[in-house]
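What follows is the content of structure_14.tsv, which has TSV, C-alpha atoms:
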```tsv
chain	number	residue	atom	x	y	z
A	1	MET	CA	55.40	138.07	94.67
A	2	GLY	CA	54.58	141.61	93.68
A	3	CYS	CA	51.74	143.26	91.86
A	4	THR	CA	50.85	146.63	90.40
A	5	CYS	CA	48.13	147.39	93.00
A	6	GLN	CA	48.60	149.87	95.78
A	7	MET	CA	49.51	148.21	99.08
A	8	PRO	CA	47.49	146.34	100.37
A	9	CYS	CA	46.22	144.76	97.14
A	10	PRO	CA	42.41	144.40	97.41
A	11	CYS	CA	42.02	141.61	94.82
A	12	ARG	CA	42.27	138.59	97.12
A	13	TYR	CA	40.01	140.15	99.74
A	14	ASN	CA	37.33	141.01	97.19
A	15	ASN	CA	37.73	137.70	95.35
A	16	THR	CA	37.95	139.54	92.03
A	17	ARG	CA	41.12	140.36	90.24
A	18	ASP	CA	41.26	143.93	89.10
A	19	ASP	CA	42.07	144.21	85.39
A	20	SER	CA	44.89	146.57	86.24
A	21	CYS	CA	46.48	144.07	88.66
A	22	GLU	CA	49.52	142.52	87.00
A	23	GLU	CA	51.50	140.08	89.12
A	24	TRP	CA	54.97	138.60	89.08
A	25	GLY	CA	56.98	136.55	91.49
A	26	LEU	CA	59.75	134.21	92.46
A	27	ILE	CA	59.22	130.64	93.66
A	28	VAL	CA	62.13	128.91	95.34
A	29	ILE	CA	61.76	125.18	95.94
A	30	THR	CA	64.12	124.69	98.87
A	31	GLN	CA	63.26	121.00	99.16
A	32	GLY	CA	61.27	118.97	96.68
A	33	SER	CA	60.99	115.83	94.61
A	34	PHE	CA	58.96	114.24	91.86
A	35	GLY	CA	59.32	110.49	92.01
A	36	LYS	CA	63.05	109.92	92.22
A	37	ILE	CA	63.96	113.29	90.72
A	38	GLN	CA	65.27	115.80	93.25
A	39	LEU	CA	63.92	119.31	92.90
A	40	ASN	CA	65.92	120.95	95.69
A	41	ASP	CA	67.02	124.56	95.18
A	42	ILE	CA	65.05	125.12	92.01
A	43	LYS	CA	64.04	128.68	91.23
A	44	LEU	CA	61.45	130.04	88.85
A	45	VAL	CA	60.10	133.49	88.12
A	46	TRP	CA	56.70	134.15	86.66
A	47	ALA	CA	54.44	136.96	85.54
A	48	SER	CA	50.72	137.11	84.92
A	49	GLY	CA	48.28	139.72	83.62
A	50	THR	CA	44.92	139.70	81.92
A	51	SER	CA	46.45	138.98	78.51
A	52	PHE	CA	49.78	137.33	79.24
A	53	GLU	CA	51.53	134.69	81.33
A	54	ALA	CA	55.18	133.77	81.40
A	55	ILE	CA	57.43	131.39	83.32
A	56	TYR	CA	61.21	131.31	83.47
A	57	LEU	CA	63.20	128.51	85.11
A	58	ASP	CA	66.74	128.76	86.35
A	59	MET	CA	68.93	127.68	83.43
A	60	ARG	CA	71.29	125.76	85.74
A	61	ILE	CA	68.90	122.86	86.40
A	62	ASN	CA	69.55	119.54	84.67
A	63	THR	CA	67.59	117.93	81.81
A	64	LEU	CA	65.54	115.63	84.03
A	65	GLN	CA	64.61	118.51	86.31
A	66	ARG	CA	63.60	120.59	83.28
A	67	GLN	CA	61.30	117.78	82.10
A	68	VAL	CA	59.70	117.37	85.53
A	69	MET	CA	59.27	121.10	86.10
A	70	SER	CA	57.69	121.50	82.64
A	71	LYS	CA	55.24	118.72	83.52
A	72	LEU	CA	54.38	120.34	86.88
A	73	ILE	CA	53.94	123.76	85.28
A	74	LYS	CA	51.67	122.31	82.59
A	75	ALA	CA	49.60	120.62	85.32
A	76	GLY	CA	49.03	124.03	86.94
A	77	VAL	CA	50.95	123.24	90.11
A	78	PHE	CA	52.37	126.76	90.23
A	79	GLY	CA	49.16	128.50	89.24
A	80	VAL	CA	50.69	130.02	86.11
A	81	GLU	CA	51.07	128.57	82.65
A	82	ASP	CA	53.07	129.54	79.65
A	83	GLU	CA	51.62	128.25	76.37
A	84	GLN	CA	55.07	128.00	74.81
A	85	GLY	CA	56.47	126.18	77.81
A	86	PRO	CA	58.92	127.64	80.29
A	87	SER	CA	61.88	129.71	79.15
A	88	TYR	CA	65.28	129.67	80.85
A	89	THR	CA	67.48	132.30	82.39
A	90	LYS	CA	69.90	132.66	85.27
A	91	ILE	CA	67.95	133.38	88.46
A	92	GLU	CA	69.61	134.74	91.61
A	93	TYR	CA	68.06	136.05	94.78
A	94	VAL	CA	69.15	137.39	98.15
A	95	HIS	CA	66.86	137.17	101.16
A	96	ASN	CA	68.16	139.21	104.05
A	97	LYS	CA	65.67	139.15	106.95
A	98	ASN	CA	63.10	141.69	105.77
A	99	ASN	CA	64.45	142.39	102.30
A	100	TRP	CA	64.41	140.48	99.02
A	101	GLN	CA	66.51	141.14	95.92
A	102	ILE	CA	65.67	139.13	92.79
A	103	ASP	CA	67.70	139.13	89.62
A	104	ALA	CA	66.63	136.99	86.67
A	105	THR	CA	69.00	137.92	83.85
A	106	ASN	CA	67.28	140.05	81.19
A	107	VAL	CA	63.86	139.28	82.70
A	108	LEU	CA	63.35	140.54	86.23
A	109	LYS	CA	65.08	142.90	88.58
A	110	CYS	CA	63.12	143.37	91.76
A	111	ALA	CA	63.58	144.61	95.32
A	112	ILE	CA	60.94	143.98	97.98
A	113	LYS	CA	60.89	145.03	101.62
A	114	ALA	CA	58.71	143.76	104.44
A	115	VAL	CA	55.97	145.94	105.89
A	116	LEU	CA	56.57	145.73	109.62
A	117	GLY	CA	53.63	145.33	111.97
A	118	ALA	CA	52.72	146.52	115.44
A	119	ASP	CA	55.82	144.99	117.08
A	120	GLY	CA	58.11	146.97	114.77
A	121	LYS	CA	60.18	143.85	114.09
A	122	GLN	CA	58.14	141.28	112.19
A	123	PRO	CA	56.04	141.86	109.07
A	124	ILE	CA	52.23	141.91	109.08
A	125	ARG	CA	51.24	138.27	108.50
A	126	LEU	CA	48.19	137.10	106.56
A	127	ARG	CA	46.68	133.65	106.94
A	128	ASN	CA	43.92	131.85	105.09
A	129	MET	CA	44.23	134.16	102.09
A	130	PRO	CA	42.16	133.14	99.06
A	131	TRP	CA	43.72	132.14	95.73
A	132	GLY	CA	46.61	130.21	97.22
A	133	THR	CA	48.17	128.34	94.33
A	134	VAL	CA	51.26	126.66	95.74
A	135	GLY	CA	50.00	125.75	99.22
A	136	GLU	CA	50.97	128.95	101.01
A	137	LEU	CA	51.40	128.41	104.75
A	138	TYR	CA	51.15	132.17	105.33
A	139	MET	CA	51.77	135.39	103.44
A	140	ASP	CA	53.76	138.26	104.89
A	141	GLN	CA	52.97	141.76	103.76
A	142	GLY	CA	55.65	143.45	101.70
A	143	GLN	CA	56.08	146.43	99.46
A	144	VAL	CA	57.83	146.63	96.12
A	145	VAL	CA	60.76	148.99	96.35
A	146	LYS	CA	61.38	148.85	92.62
A	147	SER	CA	60.69	146.20	90.00
A	148	HIS	CA	61.04	145.67	86.28
A	149	PHE	CA	59.80	142.51	84.54
A	150	GLN	CA	60.27	142.35	80.81
A	151	THR	CA	59.86	139.82	78.03
A	152	ARG	CA	59.60	140.25	74.26
A	153	SER	CA	55.83	140.71	74.52
A	154	PHE	CA	55.18	142.62	77.74
A	155	GLU	CA	56.73	144.74	80.44
A	156	ILE	CA	55.70	145.40	84.07
A	157	ILE	CA	57.25	148.34	85.89
A	158	ALA	CA	56.36	148.97	89.53
A	159	GLU	CA	57.51	151.04	92.49
A	160	GLY	CA	55.97	151.26	95.97
A	161	THR	CA	53.23	148.76	95.14
A	162	ASN	CA	51.95	145.64	96.89
A	163	ALA	CA	54.04	142.55	97.61
A	164	TYR	CA	53.65	139.31	99.54
A	165	PHE	CA	56.22	136.74	100.56
A	166	GLY	CA	56.18	133.60	102.65
A	167	GLU	CA	56.64	129.85	102.73
A	168	PHE	CA	54.66	127.11	101.03
A	169	ARG	CA	54.33	123.36	101.11
A	170	HIS	CA	52.69	121.48	98.28
A	171	ILE	CA	52.19	117.72	98.23
A	172	GLY	CA	50.26	116.09	95.41
A	173	THR	CA	50.13	113.60	92.61
A	174	LEU	CA	49.85	113.95	88.85
B	175	MET	CA	61.57	179.85	155.00
B	176	PRO	CA	61.75	180.38	151.20
B	177	GLN	CA	58.59	179.42	149.24
B	178	ASN	CA	60.16	176.51	147.27
B	179	VAL	CA	61.62	174.91	150.40
B	180	LYS	CA	58.16	175.14	151.96
B	181	LEU	CA	56.61	173.36	148.96
B	182	VAL	CA	59.23	170.59	148.94
B	183	SER	CA	58.84	169.95	152.67
B	184	ARG	CA	55.05	169.87	152.24
B	185	PHE	CA	55.41	167.27	149.40
B	186	VAL	CA	57.79	165.16	151.52
B	187	LEU	CA	55.26	165.26	154.37
B	188	VAL	CA	52.42	164.15	152.06
B	189	VAL	CA	54.55	161.28	150.69
B	190	LEU	CA	55.52	160.20	154.24
B	191	VAL	CA	51.87	160.17	155.35
B	192	TYR	CA	50.11	158.85	152.21
B	193	GLY	CA	52.95	157.26	150.22
B	194	LEU	CA	53.88	157.96	146.57
B	195	PRO	CA	50.92	158.26	144.17
B	196	ILE	CA	50.48	154.85	142.50
B	197	PRO	CA	48.96	154.77	138.99
B	198	PRO	CA	45.82	152.62	138.88
B	199	ILE	CA	46.24	148.99	137.85
B	200	TRP	CA	43.87	147.98	135.11
B	201	GLU	CA	43.26	145.28	132.56
B	202	HIS	CA	40.58	144.50	130.08
B	203	LYS	CA	40.04	141.86	127.46
B	204	GLY	CA	37.24	140.91	125.17
B	205	GLU	CA	36.02	141.28	121.63
B	206	TYR	CA	36.24	144.23	119.32
B	207	LEU	CA	34.88	145.48	116.03
B	208	LEU	CA	36.74	148.15	114.11
B	209	LEU	CA	34.63	149.67	111.36
B	210	CYS	CA	35.86	152.30	108.97
B	211	THR	CA	34.87	154.13	105.85
B	212	CYS	CA	37.67	152.68	103.68
B	213	PRO	CA	37.16	150.02	101.04
B	214	ILE	CA	38.48	146.54	101.87
B	215	PRO	CA	41.21	146.17	103.01
B	216	CYS	CA	41.65	149.45	104.90
B	217	PRO	CA	45.20	150.52	104.00
B	218	CYS	CA	45.70	152.63	107.14
B	219	HIS	CA	46.54	149.68	109.38
B	220	TYR	CA	49.14	148.48	106.87
B	221	ARG	CA	50.76	151.81	106.18
B	222	GLY	CA	50.81	152.98	109.80
B	223	GLU	CA	49.18	156.27	108.86
B	224	HIS	CA	45.57	157.37	108.95
B	225	LEU	CA	44.11	158.62	105.67
B	226	ASP	CA	42.00	161.76	106.13
B	227	SER	CA	39.13	159.97	104.40
B	228	CYS	CA	39.21	157.13	106.95
B	229	GLN	CA	36.60	157.65	109.66
B	230	GLU	CA	36.74	154.90	112.23
B	231	ALA	CA	34.33	153.45	114.79
B	232	ALA	CA	35.73	151.04	117.38
B	233	ILE	CA	33.43	148.92	119.53
B	234	LEU	CA	34.90	147.09	122.51
B	235	LEU	CA	32.93	144.43	124.34
B	236	ILE	CA	34.80	143.95	127.60
B	237	THR	CA	34.24	140.37	128.68
B	238	LYS	CA	36.60	140.67	131.63
B	239	GLY	CA	38.25	143.73	133.09
B	240	ASN	CA	38.88	146.01	136.01
B	241	PHE	CA	40.13	149.48	136.77
B	242	SER	CA	41.60	149.37	140.29
B	243	SER	CA	38.73	147.87	142.30
B	244	THR	CA	36.01	148.65	139.74
B	245	ASN	CA	34.82	145.59	137.87
B	246	LEU	CA	34.35	146.34	134.15
B	247	SER	CA	33.29	142.86	133.01
B	248	GLY	CA	30.30	142.94	130.69
B	249	THR	CA	30.56	146.62	129.82
B	250	ASN	CA	30.83	148.04	126.31
B	251	ILE	CA	32.60	151.13	125.07
B	252	VAL	CA	32.79	152.83	121.68
B	253	TRP	CA	34.77	155.63	120.11
B	254	LEU	CA	34.56	157.45	116.80
B	255	GLU	CA	37.64	158.98	115.22
B	256	SER	CA	37.64	161.31	112.26
B	257	LYS	CA	40.43	163.67	111.18
B	258	GLY	CA	41.86	163.74	114.69
B	259	LYS	CA	38.45	164.37	116.26
B	260	LEU	CA	37.38	161.91	118.97
B	261	LEU	CA	33.88	161.12	120.23
B	262	GLY	CA	33.27	158.52	122.95
B	263	TYR	CA	30.24	156.45	124.00
B	264	ILE	CA	29.86	154.60	127.27
B	265	ASP	CA	27.44	151.76	127.81
B	266	SER	CA	24.15	152.98	129.34
B	267	THR	CA	23.90	149.73	131.33
B	268	ALA	CA	27.17	150.50	133.18
B	269	THR	CA	26.97	151.64	136.81
B	270	VAL	CA	28.01	155.16	137.80
B	271	GLN	CA	31.33	153.78	139.11
B	272	GLN	CA	31.93	151.85	135.88
B	273	ARG	CA	31.08	154.90	133.74
B	274	THR	CA	33.58	157.01	135.70
B	275	ALA	CA	36.29	154.36	135.27
B	276	LEU	CA	35.59	153.87	131.56
B	277	LYS	CA	35.64	157.64	130.94
B	278	MET	CA	38.98	157.97	132.73
B	279	MET	CA	40.43	155.04	130.76
B	280	LEU	CA	39.17	156.44	127.47
B	281	GLU	CA	40.71	159.84	128.11
B	282	ALA	CA	43.98	158.36	129.36
B	283	GLY	CA	44.34	156.04	126.35
B	284	ASN	CA	44.02	152.90	128.49
B	285	ILE	CA	41.18	152.14	126.09
B	286	GLY	CA	41.50	153.49	122.55
B	287	PRO	CA	43.94	156.03	121.20
B	288	GLY	CA	43.59	158.52	124.08
B	289	GLY	CA	43.58	162.26	123.69
B	290	ARG	CA	41.02	165.04	123.95
B	291	PHE	CA	37.48	163.81	123.38
B	292	GLU	CA	35.02	166.38	122.05
B	293	SER	CA	32.30	164.51	123.92
B	294	ILE	CA	31.82	161.29	125.85
B	295	LYS	CA	28.15	160.32	125.86
B	296	VAL	CA	26.19	157.58	127.57
B	297	ALA	CA	24.43	155.47	124.93
B	298	SER	CA	22.82	152.12	124.40
B	299	ILE	CA	25.45	149.83	122.81
B	300	LYS	CA	23.92	146.72	121.26
B	301	VAL	CA	25.95	144.12	119.38
B	302	THR	CA	24.13	141.03	118.14
B	303	LYS	CA	26.32	138.18	116.98
B	304	ARG	CA	25.27	135.22	114.89
B	305	VAL	CA	27.44	132.83	112.90
B	306	ASN	CA	29.54	134.95	110.50
B	307	TYR	CA	27.35	138.00	111.12
B	308	PHE	CA	27.21	141.00	113.49
B	309	ASN	CA	24.65	143.73	113.93
B	310	VAL	CA	25.71	146.93	115.70
B	311	ILE	CA	23.55	149.77	117.06
B	312	VAL	CA	25.07	152.54	119.18
B	313	GLY	CA	22.28	154.91	120.17
B	314	SER	CA	21.32	156.98	117.15
B	315	TYR	CA	24.99	157.46	116.28
B	316	ILE	CA	26.24	154.22	114.68
B	317	ARG	CA	24.44	151.47	112.80
B	318	SER	CA	25.98	148.60	110.86
B	319	SER	CA	25.49	145.04	109.60
B	320	ILE	CA	28.72	143.09	109.25
B	321	ILE	CA	29.74	139.82	107.62
B	322	GLU	CA	33.02	137.92	107.77
B	323	ILE	CA	35.23	137.68	104.67
B	324	ARG	CA	35.99	134.00	104.36
B	325	GLY	CA	39.44	132.87	103.37
B	326	ALA	CA	40.95	130.04	101.36
B	327	ASP	CA	39.39	127.28	103.50
B	328	GLY	CA	35.89	128.61	102.79
B	329	ILE	CA	35.01	128.36	106.49
B	330	ASN	CA	37.10	130.80	108.51
B	331	PRO	CA	37.74	134.47	107.84
B	332	ILE	CA	41.03	135.86	106.52
B	333	GLN	CA	43.32	136.40	109.50
B	334	ILE	CA	45.84	139.22	109.88
B	335	GLU	CA	48.55	139.11	112.53
B	336	ASN	CA	50.73	141.92	113.86
B	337	ILE	CA	48.60	144.63	112.27
B	338	THR	CA	49.21	148.19	113.39
B	339	GLY	CA	46.72	150.60	114.96
B	340	GLU	CA	43.86	150.17	117.40
B	341	PRO	CA	43.04	148.39	119.57
B	342	ARG	CA	46.57	148.14	120.87
B	343	GLY	CA	47.67	145.22	122.98
B	344	LYS	CA	47.47	141.54	122.18
B	345	VAL	CA	45.12	141.40	119.23
B	346	SER	CA	44.04	138.84	116.72
B	347	VAL	CA	42.44	140.40	113.67
B	348	PHE	CA	39.95	138.90	111.25
B	349	GLN	CA	38.71	140.49	108.05
B	350	GLY	CA	35.08	141.52	107.80
B	351	MET	CA	32.92	143.76	105.66
B	352	ALA	CA	30.18	146.17	106.70
B	353	ILE	CA	27.27	145.58	104.33
B	354	ASN	CA	26.11	148.98	105.49
B	355	LEU	CA	27.53	151.59	107.84
B	356	VAL	CA	25.90	154.75	109.17
B	357	LEU	CA	27.89	157.18	111.35
B	358	HIS	CA	26.13	160.27	112.56
B	359	ASP	CA	27.20	162.52	115.42
B	360	ASN	CA	28.42	166.07	115.63
B	361	ASP	CA	29.92	166.82	112.20
B	362	ILE	CA	30.96	163.19	111.62
B	363	THR	CA	28.53	161.79	109.07
B	364	PHE	CA	28.88	158.81	106.77
B	365	GLU	CA	26.52	156.45	104.99
B	366	GLY	CA	28.13	153.71	102.95
B	367	LYS	CA	28.14	150.09	101.86
B	368	ASN	CA	30.73	147.32	101.65
B	369	VAL	CA	33.38	149.04	103.73
B	370	ASN	CA	36.18	147.64	105.84
B	371	VAL	CA	35.80	145.87	109.21
B	372	TYR	CA	38.39	144.19	111.39
B	373	PHE	CA	37.22	142.12	114.33
B	374	GLY	CA	38.59	139.72	116.87
B	375	THR	CA	39.69	139.41	120.45
B	376	TYR	CA	42.11	141.59	122.37
B	377	LYS	CA	43.80	141.88	125.73
B	378	ARG	CA	45.37	144.98	127.25
B	379	THR	CA	46.77	145.64	130.71
B	380	SER	CA	48.47	148.51	132.52
B	381	LYS	CA	51.69	146.48	132.18
B	382	ASP	CA	51.55	147.11	128.40
B	383	ILE	CA	52.05	150.84	128.95
```

Give the structure from this file in structure tokens form.
Amino acid sequence: MGCTCQMPCPCRYNNTRDDSCEEWGLIVITQGSFGKIQLNDIKLVWASGTSFEAIYLDMRINTLQRQVMSKLIKAGVFGVEDEQGPSYTKIEYVHNKNNWQIDATNVLKCAIKAVLGADGKQPIRLRNMPWGTVGELYMDQGQVVKSHFQTRSFEIIAEGTNAYFGEFRHIGTL
Amino acid sequence: MPQNVKLVSRFVLVVLVYGLPIPPIWEHKGEYLLLCTCPIPCPCHYRGEHLDSCQEAAILLITKGNFSSTNLSGTNIVWLESKGKLLGYIDSTATVQQRTALKMMLEAGNIGPGGRFESIKVASIKVTKRVNYFNVIVGSYIRSSIIEIRGADGINPIQIENITGEPRGKVSVFQGMAINLVLHDNDITFEGKNVNVYFGTYKRTSKDI
């Protein structure tokens, strides 16, 4: 995920979200299920600001998966809602060690790089960060190289700002 | 005999009699507090560069350590860093031998960033620790009250791994906040509230160099 704050974003540390902090991100469910419905390899992109929220699902998922994902989104499982329900677009991403490239057709183009720590190899890693919404196991520090998120109603443009990335595990019931 | 041949033969003689000079073996581990004048979180340790506005005070409580045969366990050491200027403080309860060792280590960068210190003073270094709270008094130079910044679990502080900067070595960093911070020595002066603190445990040995 990226945001419009300078790196490192102070919002989570201070437990108050700055009005100027607009966030967006990519969630990739590598392995998942809801009842008997498989949710493996499902991708969604989202954006959130003080006056807007939006969610886009990968258009290549099947009807049952769309229904389940809509239900999970409505239940707040991903921490972001979209009043009109999720929209659909083609979502692709490339994760190459310390670099991320995200391309959601006509919605998001984003490149993120890791901020390497003292060892010069691995990124700075944050644990126990507040506001975890999808059961983050850890968050690695990144930096937005360049990003453009656009919908009909809003646009977020960022360069050199804060980013996080990591893994999550979320188990629950509805 | 030419002068340089004389010098070389003298060096060879010294090495044969006393052996090659061996750098001192040292290690120290303990707890540290890193206070600075930045808002939370201090960006310097993420960006790998020190902002000019970031004045830093590092307090090391050495729980176990030695410099050659000098035992350093139970000693405290502090340094202030501002715009490349370094000021050091050595625990007034340390013995003369310990003070000498700590001063040498400070100047050599075995403790802290190393470099030319404008002054290294002997001062009372008092750190009181209660649950989620620290109180720091270093002579009349540094004063601060510190709380932990709790994370998602509501119990433990936010933890940061692999962060850059001091103290080098094997460190585990937790996020804190100085409710108040007063720095006052030489031309380093600061009085502020709610500024950044990192704290945790560390370990550093001469093998790390």

Using only C-alpha atoms: which of A:Ala118, A:Ala111, A:Ile27, A:Ile124 has the shortest distance to Glu159 in chain A: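 Using only C-alpha atoms, the shortest distance to Glu159 in chain A belongs to A:Ala111.
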
Range 42-52 of chain A surroundings by all atoms listed in the file, 7 Å radius, close-in-sequence under 3 positions cut, as number ranges by chain: A: 19, 21-30, 39, 55-58, 91

Proximity check chain A to chain B, 10 Å, nearest pairs one decimal Å, only C-alpha atoms, as a tab-separated table:
```
residue	atom	partner	partner_atom	distance
A:Gln6	CA	B:Pro217	CA	8.9
A:Met7	CA	B:Pro217	CA	6.9
A:Pro8	CA	B:Pro217	CA	6.0
A:Cys9	CA	B:Pro215	CA	7.8
A:Pro10	CA	B:Pro215	CA	6.0
A:Cys11	CA	B:Ile214	CA	9.3
A:Arg12	CA	B:Gly325	CA	8.9
A:Tyr13	CA	B:Ile214	CA	6.9
A:Asn14	CA	B:Ile214	CA	7.3
A:Asn15	CA	B:Gly325	CA	9.5
A:Val115	CA	B:Tyr220	CA	7.4
A:Leu116	CA	B:Asn336	CA	8.2
A:Gly117	CA	B:Asn336	CA	4.9
A:Ala118	CA	B:Thr338	CA	4.4
A:Asp119	CA	B:Asn336	CA	6.8
A:Gly120	CA	B:Asn336	CA	9.0
A:Lys121	CA	B:Asn336	CA	9.6
A:Gln122	CA	B:Asn336	CA	7.6
A:Pro123	CA	B:Asn336	CA	7.2
A:Ile124	CA	B:Asn336	CA	5.0
A:Arg125	CA	B:Glu335	CA	4.9
A:Leu126	CA	B:Ile334	CA	4.6
A:Arg127	CA	B:Gln333	CA	5.0
A:Asn128	CA	B:Gly325	CA	4.9
A:Met129	CA	B:Gly325	CA	5.1
A:Pro130	CA	B:Ala326	CA	4.0
A:Trp131	CA	B:Ala326	CA	6.6
A:Gly132	CA	B:Ala326	CA	7.0
A:Tyr138	CA	B:Gln333	CA	9.8
A:Met139	CA	B:Ile334	CA	9.6
A:Asp140	CA	B:Glu335	CA	9.3
A:Gln141	CA	B:Tyr220	CA	8.3
A:Gly142	CA	B:Tyr220	CA	9.7
```

Selection: 9 Å around Phe78 in chain A, all atoms listed in the file, excl. self and same-chain fewer than 4 positions, as a list in words: Ile27, Leu72, Ile73, Lys74, Thr133 and Val134 of chain A

Straight-line distance linking CA of Ile353 in chain B with CA of Ser227 in chain B, stated in Å to one decimal: 18.6 Å

Taking 6 positions as the minimum chain separation for residues in the same chain, which residues sit within 6 Å of Tyr315 in chain B when counting all atoms listed in the file? Answer as an mmCIF file with C-alpha atoms, in the frame of the given file.
```cif
data_model
loop_
_atom_site.group_PDB
_atom_site.id
_atom_site.type_symbol
_atom_site.label_atom_id
_atom_site.label_comp_id
_atom_site.auth_asym_id
_atom_site.auth_seq_id
_atom_site.Cartn_x
_atom_site.Cartn_y
_atom_site.Cartn_z
ATOM 1 C CA LEU B 357 27.890 157.180 111.350
ATOM 2 C CA HIS B 358 26.130 160.270 112.560
ATOM 3 C CA ASP B 359 27.200 162.520 115.420
#
```

Build an axis-aligned box that encloses every atom of range 248-253 of chain B listed in the file, pad it by 4 Å on each side, and report its centre and edge lengths in Å to one decimal, as AutoDock Vina command-line options.
```
--center_x 32.5 --center_y 149.3 --center_z 125.4 --size_x 12.5 --size_y 20.7 --size_z 18.6
```

Ile37 in chain A environment, 9 Å, only C-alpha atoms, sequence neighbours closer than 5 positions dropped, as an MDAnalysis selection string: chainID A and resid 32 64:65 68

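Comparing the minimum interatomic distances between Ile171 in chain A and each of A:Thr16, A:Lys97, A:Glu53, A:Gly135, counting all atoms listed in the file, we find that A:Gly135 sits nearest.
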
Separation of CA of Thr363 in chain B from CA of Ala275 in chain B in Å: 28.3 Å

Shell of 10 Å around Lys257 in chain B, only C-alpha atoms, local chain residues under 5 positions omitted, as a VMD selection string: chain B and resid 224 to 230 362

Distance in Å - CA of Leu207 in chain B versus CA of Ile320 in chain B: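 These two atoms are separated by 9.5 Å.
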
Using all atoms listed in the file: which of B:Ser380, B:Ser256, B:Val296, B:Ser266 has the shortest distance to Ser242 in chain B: B:Ser380

Selection as a ChimeraX atom specification: residues within 10 Å of (40.5, 152.8, 126.1), counting all atoms listed in the file: /B:202,234,251-253,262,276-288,340-342,378

Please produce a file of the residues just selected, as a PDB file, in the frame of the given file, where the atoms kept are C-alpha atoms.
```
ATOM      1  CA  HIS B 202      40.580 144.500 130.080  1.00  0.00           C
ATOM      2  CA  LEU B 234      34.900 147.090 122.510  1.00  0.00           C
ATOM      3  CA  ILE B 251      32.600 151.130 125.070  1.00  0.00           C
ATOM      4  CA  VAL B 252      32.790 152.830 121.680  1.00  0.00           C
ATOM      5  CA  TRP B 253      34.770 155.630 120.110  1.00  0.00           C
ATOM      6  CA  GLY B 262      33.270 158.520 122.950  1.00  0.00           C
ATOM      7  CA  LEU B 276      35.590 153.870 131.560  1.00  0.00           C
ATOM      8  CA  LYS B 277      35.640 157.640 130.940  1.00  0.00           C
ATOM      9  CA  MET B 278      38.980 157.970 132.730  1.00  0.00           C
ATOM     10  CA  MET B 279      40.430 155.040 130.760  1.00  0.00           C
ATOM     11  CA  LEU B 280      39.170 156.440 127.470  1.00  0.00           C
ATOM     12  CA  GLU B 281      40.710 159.840 128.110  1.00  0.00           C
ATOM     13  CA  ALA B 282      43.980 158.360 129.360  1.00  0.00           C
ATOM     14  CA  GLY B 283      44.340 156.040 126.350  1.00  0.00           C
ATOM     15  CA  ASN B 284      44.020 152.900 128.490  1.00  0.00           C
ATOM     16  CA  ILE B 285      41.180 152.140 126.090  1.00  0.00           C
ATOM     17  CA  GLY B 286      41.500 153.490 122.550  1.00  0.00           C
ATOM     18  CA  PRO B 287      43.940 156.030 121.200  1.00  0.00           C
ATOM     19  CA  GLY B 288      43.590 158.520 124.080  1.00  0.00           C
ATOM     20  CA  GLU B 340      43.860 150.170 117.400  1.00  0.00           C
ATOM     21  CA  PRO B 341      43.040 148.390 119.570  1.00  0.00           C
ATOM     22  CA  ARG B 342      46.570 148.140 120.870  1.00  0.00           C
ATOM     23  CA  ARG B 378      45.370 144.980 127.250  1.00  0.00           C
TER      24      ARG B 378
END
```

Sphere at (55.0, 128.5, 102.2), radius 6 Å, counting all atoms listed in the file: residues as a PyMOL selection string: chain A and resi 136-137+166-169
